[in-house]
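Q: Here it is: the structure, laid out below.
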Amino acid sequence: MADIIKTNGLCKQYGKYLRVKDLDLSVPEGAVYGFLGPNGAGKSTTLKMILGLVKPTSGSITVFGKTVSAKNRIPILKDIGSLIESPSYYGHLNGYENLQIICTLKGLPEKEIDRVLHIVRLEKQKDKKADQYSLGMKQRLGLACALLGSPKLLILDEPTNGLDPAGIQEMRELICSLPKECGMTVLVSSHLLSEIDQMATNVGIISKGELVFQNGLSALHQKSSRRIAIRTLDNERSASILQEQEIAVEKQQEYLLLPAFDDLELARYTKKLFEHNIQVVRIEQREKSLEDIFLELTGTAVSL
Ligand SMILES: Nc1ncnc2c1ncn2[C@@H]1O[C@H](COP(=O)(O)OP(=O)(O)OP(=O)(O)O)[C@@H](O)[C@H]1O
């Protein structure tokens, strides 16, 4: 699948601090790419660089196969919808009128308004003043603005921030439906692992400005696979005996972590240890959670 966004060695320095370091993002076409990282990791800065709102210190950005430059920036941006920080709207105008203004500015036909109101499920509230909207409705109005003109790419920065659980769920479902229903690619940032887990097809994890993981969501799940932990009365010798059998052994405190063997394999290897007069005193099954992996990758406790 072609990459809709590709960055190469993207860096941003603020003062003497390099806040985004050598970022090589690859966002495949049709993906919901979850850009995950703790607060202050550099997510917003990266998204703003892609949208031309912040100038990169170095590196390049390719969108729709074209390297973004001062010359082609505007036509490229026309095909990108975005929601960065809180959406801005005219509070004294209703939802429909707010969208009408954007339509006029973008030179789009008015029928676009009904289309986007339908997608974000605001049809019934379109005549209500935006000031009287709930936070979730305001956020959906912001999303509707971003959807005007059917952009091929949507960039959303923490779109569920501040919403209640029902609003979060609604926004999540909306985002998930966009690739299929509107043929879009979505790049969405979040500091919530569970949120990305529930809506993304692809994941990029950023920590202190560096990309520490990038792959399909299933690859992240595979990292959380089961393992066997054994404890023996001589872990050093056990490790070398098992390694001689070409088994990957990881030492963790007083345990040795082994791949998830089936019962027969496990019986065979423990027998091997007995034959070397090593006594096995504990055998446990370990499950690495996604939270553990996030912690390992970022050194920061996960937000759920
Ligand atoms: N305009 C700026 N001038 C100086 N430093 C900045 C500026 N914008 C962001 N930073 C710094 O860059 C780092 C990354 O910030 P950024 O907002 O990109 O992180 P983030 O991952 O989006 O986090 P959050 O979810 O908290 O917004 C932070 O240390 C922040 O203080």
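Residue names in the structure tokens use chain letters A, B, ... in the order shown, residue numbers from 1 in each chain, and ligand numbers from 1 in the order shown.
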What residues have any atom no more than 6 Å from ligand 1 when counting only C-alpha atoms and all ligand atoms, and can you list them as a ChimeraX atom specification?

A: /A:14,19,37,39-45

Q: List every residue of segment 181-274 of chain A that has an atom at most 6 Å from any atom of segment 24-36 of chain A, and for each one report the closest atom pair and its distance in Å to one decimal, counting only C-alpha atoms, with rows sorted by chain and then by increasing residue number, as a Markdown table.

A:
| residue | atom | partner | partner_atom | distance |
| --- | --- | --- | --- | --- |
| A:Met184 | CA | A:Gly30 | CA | 5.8 |
| A:Thr185 | CA | A:Gly30 | CA | 4.5 |
| A:Val186 | CA | A:Val32 | CA | 4.7 |
| A:Leu187 | CA | A:Tyr33 | CA | 4.8 |
| A:Val188 | CA | A:Gly34 | CA | 5.2 |
| A:Ser189 | CA | A:Phe35 | CA | 4.4 |
| A:Ser190 | CA | A:Leu36 | CA | 5.1 |
| A:His191 | CA | A:Leu36 | CA | 5.5 |
| A:Ile196 | CA | A:Gly34 | CA | 5.5 |
| A:Ala200 | CA | A:Val32 | CA | 4.9 |
| A:Thr201 | CA | A:Val32 | CA | 5.3 |
| A:Asn202 | CA | A:Tyr33 | CA | 4.7 |
| A:Val203 | CA | A:Gly34 | CA | 4.8 |
| A:Gly204 | CA | A:Phe35 | CA | 5.0 |
| A:Ile205 | CA | A:Leu36 | CA | 4.8 |

Q: Would you mind exporting the chosen residues as a compact mmCIF listing (two decimals), in the first residue's frame, restricted to C-alpha atoms?

A:
# COMPACT_ATOMS: atom_id res chain seq x y z
CA MET A 184 -9.98 8.73 3.70
CA THR A 185 -6.72 8.19 5.47
CA VAL A 186 -6.72 9.42 9.07
CA LEU A 187 -3.74 10.46 11.18
CA VAL A 188 -4.92 10.86 14.76
CA SER A 189 -2.89 11.63 17.86
CA SER A 190 -3.61 10.57 21.40
CA HIS A 191 -1.88 10.03 24.71
CA ILE A 196 -5.49 4.01 19.88
CA ALA A 200 -6.17 2.46 14.86
CA THR A 201 -5.03 0.06 12.17
CA ASN A 202 -1.46 1.35 12.39
CA VAL A 203 0.48 2.77 15.30
CA GLY A 204 3.42 5.11 15.70
CA ILE A 205 4.69 5.64 19.23

Q: Between A:Ile155, A:Ser238, A:Ser177, A:Leu256, which has the minimum distance to Lys271 of chain A (counting only C-alpha atoms)?

A: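 For Lys271 of chain A, the nearest of the candidates is A:Ser238.
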
Q: With distances taken over only C-alpha atoms, which residue among A:Leu10, A:Met171, A:Leu242, A:Ala166 lies nearest Leu141 of chain A?

A: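 Counting only C-alpha atoms, the residue closest to Leu141 of chain A is A:Met171.
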
Q: Identify, on the basis of only C-alpha atoms, every residue whose closest approach to Ser69 of chain A does not exceed 12 Å; exclude the query and any residue fewer than 3 positions from it along the same chain; express the result as a list in words.

A: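 What passes the distance filter is Met49, Ile50, Leu51, Gly52, Lys55, Pro56, Gly59, Ser60, Ile61, Thr62, Val63, Lys66, Asn72, Arg73, Ile74, Pro75, Ile76 and Leu77 of chain A.
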
Q: Give the helix (DSSP H, G or I) residues of segment 138-209 of chain A, as assigned by DSSP on the backbone, as a PyMOL selection string.

A: chain A and resi 138-147+165-182+193-199

Q: Using N, CA and C atoms, can you write the selected residues to a file as a compact mmCIF listing (two decimals), in the first residue's frame?

A:
# COMPACT_ATOMS: atom_id res chain seq x y z
N LYS A 138 -19.52 20.42 19.81
CA LYS A 138 -18.56 21.39 19.24
C LYS A 138 -17.44 20.65 18.52
N GLN A 139 -16.99 19.56 19.15
CA GLN A 139 -15.91 18.78 18.56
C GLN A 139 -16.37 18.15 17.23
N ARG A 140 -17.63 17.71 17.20
CA ARG A 140 -18.16 17.12 15.97
C ARG A 140 -18.35 18.19 14.90
N LEU A 141 -18.69 19.42 15.33
CA LEU A 141 -18.79 20.52 14.37
C LEU A 141 -17.40 20.80 13.77
N GLY A 142 -16.39 20.74 14.63
CA GLY A 142 -15.00 20.92 14.16
C GLY A 142 -14.64 19.86 13.14
N LEU A 143 -15.06 18.63 13.43
CA LEU A 143 -14.78 17.52 12.51
C LEU A 143 -15.54 17.73 11.19
N ALA A 144 -16.78 18.21 11.31
CA ALA A 144 -17.58 18.47 10.10
C ALA A 144 -16.87 19.50 9.22
N CYS A 145 -16.33 20.54 9.84
CA CYS A 145 -15.58 21.57 9.08
C CYS A 145 -14.41 20.92 8.34
N ALA A 146 -13.71 20.02 9.07
CA ALA A 146 -12.54 19.37 8.47
C ALA A 146 -12.94 18.46 7.31
N LEU A 147 -14.17 17.95 7.35
CA LEU A 147 -14.62 17.00 6.32
C LEU A 147 -15.17 17.68 5.07
N PRO A 165 -17.28 10.02 28.42
CA PRO A 165 -17.14 8.68 27.81
C PRO A 165 -18.03 8.46 26.59
N ALA A 166 -19.28 8.98 26.64
CA ALA A 166 -20.18 8.77 25.49
C ALA A 166 -19.65 9.54 24.27
N GLY A 167 -19.18 10.76 24.51
CA GLY A 167 -18.61 11.59 23.43
C GLY A 167 -17.37 10.95 22.84
N ILE A 168 -16.54 10.36 23.71
CA ILE A 168 -15.31 9.69 23.26
C ILE A 168 -15.67 8.53 22.34
N GLN A 169 -16.64 7.74 22.80
CA GLN A 169 -17.07 6.57 22.02
C GLN A 169 -17.60 6.99 20.65
N GLU A 170 -18.39 8.07 20.64
CA GLU A 170 -19.00 8.54 19.40
C GLU A 170 -17.91 9.02 18.42
N MET A 171 -16.96 9.78 18.95
CA MET A 171 -15.88 10.31 18.10
C MET A 171 -15.04 9.15 17.55
N ARG A 172 -14.79 8.16 18.42
CA ARG A 172 -14.00 7.00 18.01
C ARG A 172 -14.68 6.24 16.87
N GLU A 173 -15.97 6.02 17.02
CA GLU A 173 -16.72 5.29 15.98
C GLU A 173 -16.70 6.06 14.66
N LEU A 174 -16.84 7.38 14.79
CA LEU A 174 -16.83 8.23 13.60
C LEU A 174 -15.50 8.10 12.86
N ILE A 175 -14.42 8.22 13.62
CA ILE A 175 -13.08 8.16 13.02
C ILE A 175 -12.86 6.81 12.33
N CYS A 176 -13.27 5.73 13.03
CA CYS A 176 -13.09 4.38 12.46
C CYS A 176 -13.84 4.22 11.15
N SER A 177 -14.98 4.91 11.02
CA SER A 177 -15.82 4.70 9.84
C SER A 177 -15.30 5.47 8.61
N LEU A 178 -14.44 6.46 8.85
CA LEU A 178 -14.07 7.36 7.73
C LEU A 178 -13.32 6.69 6.57
N PRO A 179 -12.33 5.81 6.84
CA PRO A 179 -11.65 5.20 5.69
C PRO A 179 -12.60 4.45 4.78
N LYS A 180 -13.52 3.68 5.37
CA LYS A 180 -14.43 2.88 4.57
C LYS A 180 -15.49 3.74 3.89
N GLU A 181 -16.12 4.61 4.69
CA GLU A 181 -17.26 5.36 4.16
C GLU A 181 -16.86 6.53 3.28
N CYS A 182 -15.70 7.13 3.55
CA CYS A 182 -15.32 8.32 2.78
C CYS A 182 -14.00 8.13 2.03
N LEU A 193 -3.45 5.00 25.29
CA LEU A 193 -3.18 3.73 24.62
C LEU A 193 -4.48 3.00 24.27
N SER A 194 -5.43 2.98 25.22
CA SER A 194 -6.66 2.21 24.99
C SER A 194 -7.43 2.79 23.80
N GLU A 195 -7.36 4.10 23.65
CA GLU A 195 -8.08 4.74 22.55
C GLU A 195 -7.48 4.33 21.20
N ILE A 196 -6.17 4.39 21.12
CA ILE A 196 -5.49 4.01 19.88
C ILE A 196 -5.74 2.53 19.61
N ASP A 197 -5.71 1.74 20.67
CA ASP A 197 -5.94 0.30 20.54
C ASP A 197 -7.32 0.02 19.94
N GLN A 198 -8.28 0.88 20.26
CA GLN A 198 -9.65 0.62 19.79
C GLN A 198 -9.95 1.19 18.42
N MET A 199 -9.13 2.12 17.93
CA MET A 199 -9.52 2.68 16.63
C MET A 199 -8.46 2.61 15.53

Q: What's the separation between atom CA of Lys71 of chain A and atom CA of Ile4 of chain A, in Å to one decimal place?

A: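 So the two atoms, atom CA of Lys71 of chain A and atom CA of Ile4 of chain A, lie 19.1 Å apart.
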
Q: Taking the DSSP secondary structure from the backbone, can you list the residues of segment 180-290 of chain A that are strand (DSSP E), as a ChimeraX atom specification?

A: /A:185-190,202-207,210-216,226-232,250-252,255-258,280-287

Q: Got time to write the residues from that selection, C-alpha atoms, as a tab-separated table (two decimals), in the first residue's frame?

A:
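Saved as out30.tsv:
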chain	number	residue	atom	x	y	z
A	185	THR	CA	-6.72	8.19	5.47
A	186	VAL	CA	-6.72	9.42	9.07
A	187	LEU	CA	-3.74	10.46	11.18
A	188	VAL	CA	-4.92	10.86	14.76
A	189	SER	CA	-2.89	11.63	17.86
A	190	SER	CA	-3.61	10.57	21.40
A	202	ASN	CA	-1.46	1.35	12.39
A	203	VAL	CA	0.48	2.77	15.30
A	204	GLY	CA	3.42	5.11	15.70
A	205	ILE	CA	4.69	5.64	19.23
A	206	ILE	CA	6.70	8.77	19.96
A	207	SER	CA	8.69	9.31	23.11
A	210	GLU	CA	11.76	9.96	18.88
A	211	LEU	CA	9.71	7.33	17.06
A	212	VAL	CA	10.16	4.21	19.20
A	213	PHE	CA	7.65	1.96	17.41
A	214	GLN	CA	5.89	1.99	14.06
A	215	ASN	CA	3.89	-0.87	12.59
A	216	GLY	CA	0.42	-2.36	12.29
A	226	ARG	CA	2.56	-14.96	26.23
A	227	ARG	CA	5.84	-16.18	27.67
A	228	ILE	CA	7.01	-18.82	30.09
A	229	ALA	CA	8.95	-17.74	33.17
A	230	ILE	CA	11.01	-20.37	34.96
A	231	ARG	CA	13.07	-20.18	38.11
A	232	THR	CA	15.73	-22.74	38.88
A	250	GLU	CA	15.86	-13.36	28.66
A	251	LYS	CA	16.92	-12.87	32.27
A	252	GLN	CA	14.45	-11.00	34.43
A	255	TYR	CA	13.46	-15.67	36.47
A	256	LEU	CA	14.37	-16.75	32.95
A	257	LEU	CA	11.81	-15.71	30.34
A	258	LEU	CA	11.32	-18.23	27.53
A	280	VAL	CA	13.31	-26.17	38.56
A	281	VAL	CA	11.41	-24.52	41.40
A	282	ARG	CA	8.88	-22.33	39.59
A	283	ILE	CA	7.19	-22.39	36.18
A	284	GLU	CA	4.77	-19.55	35.42
A	285	GLN	CA	2.95	-18.19	32.44
A	286	ARG	CA	3.49	-14.47	31.84
A	287	GLU	CA	1.43	-12.15	29.74

Q: Work out how far apart atom CA of Glu112 of chain A and atom CA of Gly81 of chain A are and give it in Å to one decimal.

A: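 The value is 14.0 Å.
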